[in-house]
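Just entry_27.tsv here, TSV, C-alpha atoms:
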```tsv
chain	number	residue	atom	x	y	z
A	571	MET	CA	-4.44	-3.78	22.69
A	572	LYS	CA	-7.77	-5.37	21.83
A	573	VAL	CA	-10.53	-3.24	20.33
A	574	SER	CA	-14.05	-4.63	20.63
A	575	ALA	CA	-16.16	-5.32	17.56
A	576	ASP	CA	-18.89	-2.97	18.85
A	577	SER	CA	-16.62	0.04	19.45
A	578	VAL	CA	-16.91	3.30	17.52
A	579	ALA	CA	-13.64	2.42	15.78
A	580	ALA	CA	-15.18	-0.85	14.61
A	581	MET	CA	-18.29	0.91	13.34
A	582	VAL	CA	-16.22	3.49	11.45
A	583	ALA	CA	-14.11	0.74	9.85
A	584	LYS	CA	-17.26	-1.15	8.81
A	585	VAL	CA	-18.78	1.97	7.23
A	586	LEU	CA	-15.59	2.65	5.30
A	587	LYS	CA	-15.57	-0.93	4.04
A	588	GLN	CA	-19.25	-0.68	3.06
A	589	ARG	CA	-18.44	2.54	1.17
A	590	GLY	CA	-15.83	0.65	-0.85
A	591	VAL	CA	-12.69	1.97	0.84
A	592	LYS	CA	-9.90	-0.51	0.12
A	593	ARG	CA	-6.94	1.40	1.55
A	594	VAL	CA	-6.21	4.13	4.06
A	595	PHE	CA	-3.03	6.22	4.11
A	596	ALA	CA	-1.80	6.75	7.64
A	597	LEU	CA	0.97	7.47	10.09
A	598	CYS	CA	0.68	5.28	13.17
A	599	GLY	CA	0.03	6.94	16.52
A	600	GLY	CA	-1.51	6.26	19.91
A	601	HIS	CA	-4.64	8.36	19.42
A	602	ILE	CA	-5.65	6.40	16.34
A	603	MET	CA	-4.62	2.84	17.25
A	604	PRO	CA	-8.18	1.56	17.86
A	605	LEU	CA	-9.23	2.64	14.36
A	606	TRP	CA	-5.96	1.36	12.85
A	607	MET	CA	-6.60	-2.08	14.37
A	608	ARG	CA	-10.25	-2.22	13.27
A	609	LEU	CA	-9.37	-1.15	9.71
A	610	ASP	CA	-6.92	-4.04	9.61
A	611	ALA	CA	-9.56	-6.42	11.02
A	612	GLU	CA	-11.94	-5.36	8.22
A	613	GLY	CA	-9.29	-6.13	5.61
A	614	ILE	CA	-8.71	-2.50	4.64
A	615	ALA	CA	-5.09	-2.04	3.64
A	616	ILE	CA	-3.14	0.55	5.62
A	617	ILE	CA	-0.42	2.32	3.68
A	618	ASP	CA	1.97	3.43	6.43
A	619	VAL	CA	3.72	6.72	5.65
A	620	ARG	CA	6.46	8.75	7.32
A	621	ASP	CA	4.66	12.08	7.36
A	622	GLU	CA	1.04	13.15	7.62
A	623	ARG	CA	1.34	15.41	4.58
A	624	ALA	CA	2.27	12.33	2.58
A	625	ALA	CA	-0.82	10.51	3.87
A	626	VAL	CA	-3.12	13.27	2.64
A	627	HIS	CA	-1.26	13.76	-0.66
A	628	MET	CA	-1.47	10.00	-1.29
A	629	ALA	CA	-5.17	9.95	-0.39
A	630	GLN	CA	-5.70	12.80	-2.85
A	631	ALA	CA	-3.76	11.02	-5.59
A	632	HIS	CA	-5.78	7.86	-4.93
A	633	ALA	CA	-9.05	9.82	-5.21
A	634	GLU	CA	-8.01	11.56	-8.41
A	635	LEU	CA	-6.69	8.41	-10.09
A	636	THR	CA	-9.53	6.07	-9.10
A	637	GLY	CA	-12.51	8.38	-8.70
A	638	ASP	CA	-13.03	6.85	-5.25
A	639	LEU	CA	-12.93	8.50	-1.84
A	640	GLY	CA	-9.38	8.94	-0.59
A	641	VAL	CA	-8.90	8.42	3.15
A	642	ALA	CA	-6.07	9.68	5.38
A	643	LEU	CA	-5.71	8.85	9.07
A	644	VAL	CA	-3.50	11.08	11.23
A	645	THR	CA	-2.75	11.53	14.90
A	646	ALA	CA	-3.98	14.42	17.00
A	647	GLY	CA	-2.36	17.85	17.36
A	648	PRO	CA	0.93	17.91	15.44
A	649	GLY	CA	-0.33	15.09	13.21
A	650	VAL	CA	-3.19	17.31	12.12
A	651	THR	CA	-1.01	20.39	11.69
A	652	ASN	CA	1.47	18.37	9.63
A	653	ALA	CA	-1.42	17.34	7.36
A	654	ILE	CA	-2.53	20.92	6.63
A	655	THR	CA	-0.46	21.33	3.46
A	656	GLY	CA	-2.02	18.20	1.97
A	657	ILE	CA	-5.50	19.24	3.07
A	658	ALA	CA	-5.11	22.70	1.55
A	659	ASN	CA	-3.93	21.13	-1.71
A	660	ALA	CA	-6.91	18.74	-1.76
A	661	ASN	CA	-9.17	21.72	-1.14
A	662	VAL	CA	-7.82	23.69	-4.11
A	663	SER	CA	-8.00	20.54	-6.26
A	664	ARG	CA	-11.53	19.72	-5.11
A	665	ALA	CA	-10.43	16.17	-4.37
A	666	PRO	CA	-12.77	13.91	-2.37
A	667	VAL	CA	-10.58	13.17	0.65
A	668	LEU	CA	-11.71	12.15	4.12
A	669	ILE	CA	-9.26	12.96	6.90
A	670	LEU	CA	-9.77	11.13	10.19
A	671	SER	CA	-7.74	11.97	13.25
A	672	GLY	CA	-7.40	11.26	16.89
A	673	ALA	CA	-8.02	13.75	19.66
A	674	SER	CA	-6.80	14.16	23.19
A	675	PRO	CA	-8.90	12.35	25.81
A	676	ARG	CA	-12.05	14.19	26.82
A	677	PRO	CA	-11.05	14.57	30.52
A	678	GLN	CA	-7.89	16.39	29.36
A	679	GLU	CA	-9.69	18.70	26.93
A	680	ASN	CA	-8.84	22.38	27.49
A	681	ARG	CA	-6.48	21.44	30.33
A	682	GLY	CA	-3.20	21.40	28.46
A	683	GLY	CA	-3.34	17.69	27.67
A	684	LEU	CA	-0.90	16.18	25.22
A	685	GLN	CA	-1.67	17.38	21.69
A	686	ASP	CA	-4.87	19.16	22.76
A	687	MET	CA	-6.04	21.77	20.27
A	688	ASP	CA	-9.21	22.83	18.48
A	689	GLN	CA	-8.46	20.89	15.31
A	690	SER	CA	-11.84	21.46	13.67
A	691	GLN	CA	-11.59	25.23	14.02
A	692	LEU	CA	-8.13	25.15	12.48
A	693	LEU	CA	-9.30	23.12	9.46
A	694	ARG	CA	-12.69	24.71	8.84
A	695	PRO	CA	-11.41	27.29	6.28
A	696	ILE	CA	-9.80	24.62	4.05
A	697	THR	CA	-12.34	21.80	4.23
A	698	ARG	CA	-15.93	21.22	3.14
A	699	TYR	CA	-16.70	19.86	6.61
A	700	ALA	CA	-14.76	19.87	9.90
A	701	ARG	CA	-16.02	18.37	13.15
A	702	THR	CA	-14.64	16.75	16.26
A	703	VAL	CA	-17.08	14.13	17.49
A	704	ARG	CA	-17.04	13.66	21.27
A	705	GLU	CA	-20.34	11.77	21.62
A	706	PRO	CA	-20.11	8.13	20.42
A	707	SER	CA	-23.79	8.01	19.48
A	708	LEU	CA	-23.19	10.76	16.89
A	709	ALA	CA	-20.15	9.19	15.24
A	710	LEU	CA	-21.89	7.39	12.39
A	711	ALA	CA	-24.15	10.31	11.46
A	712	GLU	CA	-21.15	12.67	11.45
A	713	LEU	CA	-19.09	10.19	9.43
A	714	ASP	CA	-21.88	9.89	6.87
A	715	GLU	CA	-22.11	13.68	6.60
A	716	ALA	CA	-18.34	14.03	6.25
A	717	ILE	CA	-18.21	11.43	3.47
A	718	SER	CA	-21.13	13.09	1.67
A	719	CYS	CA	-19.40	16.47	1.86
A	720	ALA	CA	-16.08	15.03	0.67
A	721	LEU	CA	-17.78	13.43	-2.33
A	722	GLY	CA	-19.52	16.70	-3.16
A	723	GLU	CA	-23.06	15.43	-2.71
A	724	GLY	CA	-25.09	18.62	-2.87
A	725	GLY	CA	-22.06	20.75	-3.64
A	726	VAL	CA	-18.42	20.74	-4.66
A	727	PRO	CA	-16.20	17.81	-3.61
A	728	GLY	CA	-13.22	18.42	-1.37
A	729	PRO	CA	-11.58	17.41	1.88
A	730	ALA	CA	-13.69	16.65	4.94
A	731	PHE	CA	-12.35	16.27	8.48
```

Re-express the file's structure as structure tokens.
Amino acid sequence: MKVSADSVAAMVAKVLKQRGVKRVFALCGGHIMPLWMRLDAEGIAIIDVRDERAAVHMAQAHAELTGDLGVALVTAGPGVTNAITGIANANVSRAPVLILSGASPRPQENRGGLQDMDQSQLLRPITRYARTVREPSLALAELDEAISCALGEGGVPGPAF
């Protein structure tokens, strides 16, 4: 799989690098492969885990130990639900953690597609910010807002999805 340098995944990886992100904690999956590949191309280390909870817990520990933004990358559907324990813990701890996930393809949305669920609605009560971005032109603005919310700019830090 080749992911172009002008894709949304490439832009997200570049923003994370510009923001000083040196590592991302993740469990590999099909929905997130374009971002996984672009993170690697940008030289951002990917710490591969066995469970999504571990990815978020590790991102939280990284944030608390370094003072930097912690980043977790999880797959859609069950990947997101597996991450909920870690996200809830980061919320209570007010840890600046950004959680990025995949989503089912837009043509399959609300049609019973593999791992299709309203992830943002599920996470809204335990995050500072929760959005699913379906329009590529909005991706960078939403990413910037999510990072700002996670870092607590204008409020209390905590997880952002």

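Proximity ranking of A:Leu639, A:Ala711, A:Val573, A:Val626 relative to A:Lys592 places A:Leu639 first, based on all atoms listed in the file.
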
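With distances restricted to only C-alpha atoms, A:Thr697 is the closest residue to A:Ile717 from A:Asn659, A:Ser574, A:Thr645, A:Thr697.
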
With all atoms listed in the file as the basis for distance, which of A:Val594, A:Leu693, A:Ala720, A:Ile654 is at the shortest distance from A:Val641? A:Val594

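Note that the spacing between atom CA of A:Val644 and atom CA of A:Glu622 amounts to 6.2 Å.
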
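Note that atom CA of A:Lys584 and atom CA of A:Leu605 are 10.5 Å apart.
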
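The nearest approach to A:Asp576 among the residues A:Arg620, A:Arg608, A:Leu708, A:Leu713, with all atoms listed in the file taken into account, belongs to A:Arg608.
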
Could you name the residues that touch stretch 598-601 of chain A at 8 Å or less, counting only C-alpha atoms, but leaving out those on the same chain fewer than 4 positions away, as a PyMOL selection string? chain A and resi 606+618+644-646+671-674

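The shortest atom-to-atom distance to A:Asp621, with only C-alpha atoms taken into account, belongs to A:Thr655 out of A:Gln588, A:Thr636, A:Thr655, A:Gln689.
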
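Proximity ranking of A:Ala709, A:Ala665, A:Ile614, A:Leu670 relative to A:Ala653 places A:Leu670 first, based on all atoms listed in the file.
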
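Atom CA of A:Gln630 is found 16.3 Å from atom CA of A:Leu586.
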
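Look at everything within 7 Å of (-17.1, 5.9, 12.8) using all atoms listed in the file, and the residues you get are Val578, Ala579, Met581, Val582, Ala583, Ala709, Leu710 and Leu713 of chain A.
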
Which neighbours of A:Gly640 fall inside 7 Å, counting all atoms listed in the file, when residues of the same chain fewer than 6 positions from it are skipped, and could you give them as a list in words? Ala629, Gln630, His632, Ala633, Pro666, Val667 and Leu668 of chain A

Centre, edges in Å (one decimal): axis-aligned box, stretch 707-720 of chain A, 6 Å padding on all six sides, as AutoDock Vina command-line options:
```
--center_x -20.1 --center_y 11.9 --center_z 10.1 --size_x 20.1 --size_y 21.1 --size_z 30.8
```
